[in-house]
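S.K.: Contents of start14.txt (compact mmCIF, C-alpha atoms):
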```txt
# COMPACT_ATOMS: atom_id res chain seq x y z
CA MET A 1 0.00 0.00 0.00
CA ASP A 2 1.35 3.37 -0.95
CA VAL A 3 1.87 5.81 1.85
CA ASP A 4 1.90 9.51 1.15
CA THR A 5 5.13 11.15 2.21
CA PRO A 6 4.62 14.64 3.60
CA ALA A 7 6.34 17.37 1.62
CA PRO A 8 9.34 18.97 3.35
CA ALA A 9 8.52 22.17 5.17
CA GLU A 10 9.32 25.34 3.30
CA PRO A 11 12.21 27.29 4.90
CA LYS A 12 11.12 30.37 6.75
CA ALA A 13 11.85 33.68 5.08
CA PRO A 14 14.71 35.71 6.58
CA PRO A 15 13.43 38.11 9.26
CA LYS A 16 13.32 41.87 8.92
CA THR A 17 16.14 44.13 10.09
CA ALA A 18 14.48 44.89 13.43
CA GLU A 19 14.10 41.18 14.15
CA VAL A 20 17.74 40.51 13.28
CA ALA A 21 18.79 43.27 15.70
CA ALA A 22 16.61 41.73 18.41
CA TYR A 23 18.10 38.27 17.82
CA LEU A 24 21.63 39.69 17.95
CA ALA A 25 20.87 41.50 21.21
CA ALA A 26 19.45 38.31 22.69
CA ARG A 27 22.52 36.38 21.53
CA MET A 28 24.90 38.81 23.22
CA CYS A 29 22.84 38.91 26.42
CA HIS A 30 22.96 35.10 26.49
CA ASP A 31 26.77 35.23 26.23
CA PHE A 32 27.11 37.89 28.92
CA ILE A 33 24.63 36.56 31.49
CA SER A 34 26.68 33.51 32.52
CA PRO A 35 29.85 35.35 33.68
CA ALA A 36 27.77 38.21 35.09
CA SER A 37 25.71 35.77 37.17
CA ALA A 38 28.90 34.05 38.35
CA ILE A 39 30.26 37.39 39.58
CA VAL A 40 27.06 37.96 41.58
CA SER A 41 27.31 34.44 43.03
CA GLY A 42 30.89 35.12 44.11
CA LEU A 43 29.88 38.39 45.77
CA ASP A 44 27.05 36.61 47.58
CA LEU A 45 29.54 34.09 48.94
CA LEU A 46 31.77 36.90 50.24
CA ASP A 47 28.77 38.44 52.02
CA ASP A 48 27.66 35.13 53.55
CA PRO A 49 28.98 34.87 57.14
CA SER A 50 28.59 31.09 57.03
CA ALA A 51 30.77 30.78 53.92
CA GLN A 52 33.89 32.63 55.03
CA ASP A 53 35.95 29.47 54.52
CA MET A 54 35.13 29.81 50.80
CA LYS A 55 36.49 33.33 50.47
CA GLU A 56 39.42 32.24 48.28
CA GLU A 57 37.12 30.28 45.96
CA ALA A 58 34.73 33.21 45.79
CA MET A 59 37.51 35.61 44.79
CA GLY A 60 38.70 33.18 42.13
CA LEU A 61 35.18 32.91 40.75
CA ILE A 62 34.79 36.69 40.65
CA GLN A 63 38.18 37.27 39.00
CA GLY A 64 37.75 34.56 36.37
CA SER A 65 34.20 35.59 35.53
CA ALA A 66 35.08 39.28 35.37
CA ARG A 67 37.88 38.50 32.92
CA LYS A 68 35.55 36.41 30.78
CA LEU A 69 32.92 39.15 30.75
CA ALA A 70 35.51 41.79 29.82
CA ASP A 71 36.89 39.58 27.03
CA LEU A 72 33.41 38.94 25.64
CA LEU A 73 32.51 42.63 25.73
CA SER A 74 35.72 43.68 23.97
CA PHE A 75 35.25 40.98 21.34
CA SER A 76 31.57 41.78 20.74
CA ARG A 77 32.24 45.51 20.38
CA VAL A 78 34.19 44.82 17.17
CA ALA A 79 32.54 41.58 15.99
CA PHE A 80 28.96 42.85 16.32
CA GLY A 81 29.15 46.58 16.97
CA ALA A 82 30.26 49.65 15.09
CA SER A 83 33.45 49.96 17.20
CA ALA A 84 33.30 53.75 17.20
CA SER A 85 34.24 55.19 13.81
CA ALA A 86 37.16 52.86 13.02
CA GLU A 87 37.29 51.70 9.41
CA THR A 88 40.57 49.76 9.63
CA PHE A 89 41.86 47.45 12.35
CA ASP A 90 45.33 46.31 13.35
CA ALA A 91 45.49 42.55 12.84
CA ARG A 92 47.47 42.20 16.08
CA GLU A 93 44.62 43.78 18.03
CA LEU A 94 42.15 41.41 16.37
CA ALA A 95 44.40 38.51 17.38
CA LYS A 96 44.23 39.72 21.00
CA LEU A 97 40.43 39.89 20.87
CA ALA A 98 40.18 36.40 19.41
CA GLY A 99 42.77 35.09 21.87
CA GLY A 100 40.79 36.49 24.80
CA LEU A 101 37.70 34.71 23.55
CA PHE A 102 39.48 31.37 23.05
CA HIS A 103 40.92 31.59 26.56
CA HIS A 104 37.42 30.58 27.67
CA MET A 105 36.83 27.91 25.01
CA ARG A 106 38.01 24.31 24.73
CA ALA A 107 39.50 24.78 21.28
CA GLU A 108 42.93 26.28 20.62
CA LEU A 109 43.48 29.26 18.33
CA ASP A 110 46.00 29.26 15.48
CA TRP A 111 46.00 32.83 14.11
CA GLN A 112 47.77 33.30 10.77
CA VAL A 113 46.61 36.62 9.34
CA GLU A 114 49.25 38.07 7.02
CA PRO A 115 48.00 41.63 6.28
CA PRO A 116 49.00 43.98 9.13
CA ALA A 117 45.73 45.92 8.85
CA VAL A 118 42.27 44.99 7.57
CA ASN A 119 39.09 46.88 6.77
CA LYS A 120 35.96 46.70 8.92
CA PRO A 121 34.14 43.95 6.95
CA ALA A 122 37.27 41.79 7.01
CA ALA A 123 37.75 42.39 10.75
CA ARG A 124 34.18 41.38 11.51
CA THR A 125 34.48 38.34 9.26
CA LEU A 126 37.69 37.17 10.93
CA LEU A 127 36.30 37.50 14.45
CA ASN A 128 32.90 36.01 13.75
CA LEU A 129 34.29 33.06 11.82
CA ALA A 130 36.86 32.48 14.56
CA GLN A 131 34.10 32.31 17.16
CA MET A 132 32.00 30.05 14.94
CA ALA A 133 35.01 27.77 14.44
CA GLY A 134 35.52 27.53 18.19
CA ALA A 135 31.84 26.71 18.66
CA ALA A 136 32.18 23.95 16.05
CA LEU A 137 34.70 22.21 18.35
CA PRO A 138 32.68 21.40 21.50
CA THR A 139 35.23 18.84 22.75
CA GLY A 140 38.35 20.72 21.68
CA GLY A 141 40.59 20.92 18.66
CA VAL A 142 42.31 23.67 16.70
CA ALA A 143 40.71 26.64 14.96
CA ARG A 144 43.08 27.85 12.24
CA ILE A 145 42.43 31.39 11.06
CA ARG A 146 44.26 32.30 7.86
CA ALA A 147 44.03 35.41 5.71
CA VAL A 148 46.09 36.65 2.79
CA ALA A 149 45.90 39.70 0.55
CA GLU A 150 44.15 39.02 -2.74
CA GLY A 151 44.56 42.00 -5.02
CA ALA A 152 43.02 44.94 -3.18
CA GLY A 153 40.94 42.58 -1.07
CA MET A 154 41.44 39.62 1.22
CA ALA A 155 40.91 35.85 1.13
CA ILE A 156 40.01 34.23 4.45
CA ALA A 157 40.09 30.51 5.26
CA VAL A 158 39.04 29.18 8.65
CA GLU A 159 39.33 25.52 9.61
CA ALA A 160 37.93 23.91 12.76
CA VAL A 161 39.72 20.58 13.13
CA GLY A 162 39.06 18.16 15.97
CA PRO A 163 37.04 15.20 17.21
CA LYS A 164 33.29 15.72 16.91
CA ALA A 165 33.73 18.87 14.82
CA ARG A 166 30.27 19.89 13.69
CA LEU A 167 28.29 22.68 12.10
CA ARG A 168 24.73 23.22 13.20
CA PRO A 169 22.20 23.24 10.32
CA GLU A 170 20.95 26.68 11.37
CA VAL A 171 24.49 28.08 11.02
CA LEU A 172 24.72 26.80 7.46
CA ARG A 173 21.28 28.25 6.68
CA GLY A 174 22.32 31.61 8.07
CA LEU A 175 25.49 31.74 5.99
CA GLN A 176 23.39 30.96 2.91
CA GLY A 177 21.02 33.83 3.70
CA GLU A 178 18.11 31.59 4.68
CA GLY A 179 15.72 31.93 7.59
CA PRO A 180 16.28 30.19 10.94
CA GLY A 181 14.04 27.18 10.36
CA GLU A 182 13.55 25.16 13.54
CA GLY A 183 17.08 25.67 14.84
CA LEU A 184 18.36 27.86 17.65
CA HIS A 185 18.15 31.53 16.76
CA GLY A 186 21.27 32.41 18.77
CA HIS A 187 23.45 30.26 16.51
CA TRP A 188 21.60 31.20 13.34
CA VAL A 189 21.67 34.98 13.78
CA GLN A 190 25.46 35.23 13.96
CA ALA A 191 25.83 33.34 10.67
CA TYR A 192 23.07 35.39 9.05
CA TYR A 193 24.70 38.60 10.25
CA VAL A 194 27.98 37.50 8.63
CA HIS A 195 26.08 36.74 5.42
CA LEU A 196 24.59 40.25 5.48
CA PHE A 197 27.74 42.30 6.01
CA VAL A 198 29.89 40.17 3.70
CA GLY A 199 27.26 40.59 0.99
CA ASP A 200 26.99 44.33 1.63
CA ALA A 201 30.76 44.59 1.18
CA GLY A 202 30.54 42.78 -2.16
CA GLY A 203 32.18 39.61 -0.84
CA ARG A 204 31.28 35.94 -0.75
CA ILE A 205 31.23 33.28 1.96
CA PHE A 206 30.63 29.55 2.16
CA ALA A 207 31.09 26.59 4.50
CA ASP A 208 31.94 22.93 4.10
CA VAL A 209 31.76 20.02 6.54
CA THR A 210 33.82 16.83 6.35
CA GLU A 211 34.79 14.24 8.93
CA GLU A 212 36.26 16.00 11.96
CA LYS A 213 36.64 19.30 10.07
CA VAL A 214 34.51 22.37 9.39
CA THR A 215 35.78 24.88 6.85
CA PHE A 216 34.70 28.46 6.27
CA ALA A 217 35.98 30.55 3.39
CA ALA A 218 35.33 34.16 2.46
CA THR A 219 36.54 36.81 0.06
CA ILE A 220 36.34 40.47 1.06
CA PRO A 221 36.95 43.29 -1.45
CA GLY A 222 39.32 46.09 -0.50
```
Give the structure from the file, written as structure tokens.
M.R.:
Amino acid sequence: MDVDTPAPAEPKAPPKTAEVAAYLAARMCHDFISPASAIVSGLDLLDDPSAQDMKEEAMGLIQGSARKLADLLSFSRVAFGASASAETFDARELAKLAGGLFHHMRAELDWQVEPPAVNKPAARTLLNLAQMAGAALPTGGVARIRAVAEGAGMAIAVEAVGPKARLRPEVLRGLQGEGPGEGLHGHWVQAYYVHLFVGDAGGRIFADVTEEKVTFAATIPG
């Protein structure tokens, strides 16, 4: 007996600009709330008369969480924000921002960006793809960030190599300019944001997944 197979659901249309902004804000708040809450927990321990024997642990929690929050804020200011009026960025400063982020991730960072300075779209692309590569390595591995001058522009290649390397379907949809589907909006919106600003700059971006490796590649005009 023949059984009718339901047609696959149509992908949702990309949201409007205001919705994208709301998703980005929610994504950043999600990243910030964990270290901020840990700082509050540490302060509560310091104020608790019955927990004075945990003072050293409380101070360690506060210091580590404050550093993580500061690193995330500095990273997000350039990766997601306007970063004042800067139009070019020192690659060494971008390496510091990415390094601060990876200090709190399981993956290791291998930063190999040749141009000493990059324009704003390239800076955002490097940082966002670095973070996405780290997220693709939940059990650890190496995120290799490479960039070379290509005429007046730049070619970027990012590899996430490690056991259980993976790319969420919503990330791939976002990079392709598609709507979020049924996936997590926090992961999707970062990829969609990258798709938007790379496209606005006249560049291209794509991703590929093989066994134990996720690859991102982008070209950014000068």
S.K.: Grab the CA of Asp110 (chain A) to CA of Ile145 (chain A) distance for me, in Å with one decimal place.
M.R.: 6.1 Å
S.K.: Give as an mmCIF file with C-alpha atoms, keeping the file's coordinate frame every residue, naming chains and numbers as the document does, that has an atom within 6 Å of (32.0, 29.6, 0.7), counting all atoms listed in the file.
M.R.:
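Contents of the output file part09.cif:
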```
data_model
loop_
_atom_site.group_PDB
_atom_site.id
_atom_site.type_symbol
_atom_site.label_atom_id
_atom_site.label_comp_id
_atom_site.auth_asym_id
_atom_site.auth_seq_id
_atom_site.Cartn_x
_atom_site.Cartn_y
_atom_site.Cartn_z
ATOM 1 C CA ILE A 205 31.230 33.280 1.960
ATOM 2 C CA PHE A 206 30.630 29.550 2.160
ATOM 3 C CA ALA A 207 31.090 26.590 4.500
ATOM 4 C CA ALA A 217 35.980 30.550 3.390
ATOM 5 C CA ALA A 218 35.330 34.160 2.460
#
```
S.K.: Give me, as a tab-separated table, the closest atom pair and its distance (Å, one decimal) for every residue of region 17-117 of chain A within a cut-off of 9 Å of region 126-130 of chain A, counting only C-alpha atoms, rows sorted by chain and rising number.
M.R.:
```
residue	atom	partner	partner_atom	distance
A:Phe75	CA	A:Leu127	CA	7.8
A:Ser76	CA	A:Leu127	CA	9.0
A:Val78	CA	A:Leu127	CA	8.1
A:Ala79	CA	A:Leu127	CA	5.8
A:Phe80	CA	A:Asn128	CA	8.3
A:Leu94	CA	A:Leu127	CA	7.3
A:Ala95	CA	A:Leu127	CA	8.7
A:Leu97	CA	A:Leu127	CA	8.0
A:Ala98	CA	A:Leu127	CA	6.4
A:Phe102	CA	A:Ala130	CA	9.0
A:Leu109	CA	A:Ala130	CA	8.3
```
S.K.: Near Gly199 (chain A), within 10 Å and counting only C-alpha atoms, which residues show up once chain neighbours fewer than 4 positions away are dropped, as a list of chain:residue names?
M.R.: A:Pro121, A:Gly177, A:Tyr193, A:Val194, A:His195, A:Gly203, A:Arg204, A:Ile205, A:Ile220
S.K.: For Ala66 (chain A), please output as a list of chain:residue names all residues within 10 Å (counting all atoms listed in the file; exclusion window: fewer than 4 positions along the same chain).
M.R.: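 Selected residues are A:Pro35, A:Ala36, A:Ala38, A:Ile39, A:Gly60, A:Leu61, A:Ile62, A:Ala70, A:Asp71, A:Leu72.
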S.K.: Please determine, counting only C-alpha atoms, which residue among A:Val209, A:Val158, A:Met28, A:Leu196 has the shortest atom-to-atom distance to Lys16 (chain A).
M.R.: A:Leu196
S.K.: How many Å lie between CA of Pro15 (chain A) and CA of Ala157 (chain A), rounded to one decimal?
M.R.: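 CA of Ala157 (chain A) lies at a distance of 28.0 Å from CA of Pro15 (chain A).
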S.K.: Can you pull out the residues contacting His185 (chain A)? Cut-off 12 Å, using only C-alpha atoms, and skip same-chain residues under 6 positions away; I want them as a PyMOL selection string.
M.R.: chain A and resi 14-15+19-28+30+168-171+173-174+179+191-193
S.K.: In terms of the shortest atom-to-atom distance over all atoms listed in the file, which of A:Thr88, A:Ser41, A:Gln131, A:Thr215 is closest to Ala165 (chain A)?
M.R.: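 Answer, going by the shortest atom-to-atom distance: A:Thr215.
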S.K.: What does the structure give for the distance between CA of Val142 (chain A) and CA of Ser65 (chain A), in Å to one decimal?
M.R.: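 Separation of CA of Val142 (chain A) and CA of Ser65 (chain A): 23.7 Å.
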S.K.: Looking at all atoms listed in the file, which of A:Val161, A:Met59, A:Met132, A:Lys120 is the one that sits closest to Asp44 (chain A)?
M.R.: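 Answer, going by the shortest atom-to-atom distance: A:Met59.
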S.K.: Would you please work out which residue, of A:Ala136, A:Ala143, A:Gln190, A:Gly100, is nearest to Arg67 (chain A) when using only C-alpha atoms?
M.R.: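 Among the listed residues, the smallest separation from Arg67 (chain A) belongs to A:Gly100.
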S.K.: List as number ranges by chain the protein and nucleic acid residues near Ala91 (chain A), meaning an atom at most 10 Å away when all atoms listed in the file are counted, but skip any in the same chain fewer than 4 places from it.
M.R.: A: 95-97, 111-119, 123, 126
S.K.: Nearest residue to Glu212 (chain A) out of A:Leu43, A:Val198, A:Leu101, A:Leu137, using all atoms listed in the file?
M.R.: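 With all atoms listed in the file as the atom set, the closest residue is A:Leu137.
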S.K.: Which residue out of A:Gly134, A:Leu73, A:Gly162, A:Gly42 has the minimum interatomic distance to His103 (chain A) when all atoms listed in the file are used?
M.R.: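 Checking each candidate against His103 (chain A), we get A:Gly134 as the closest.
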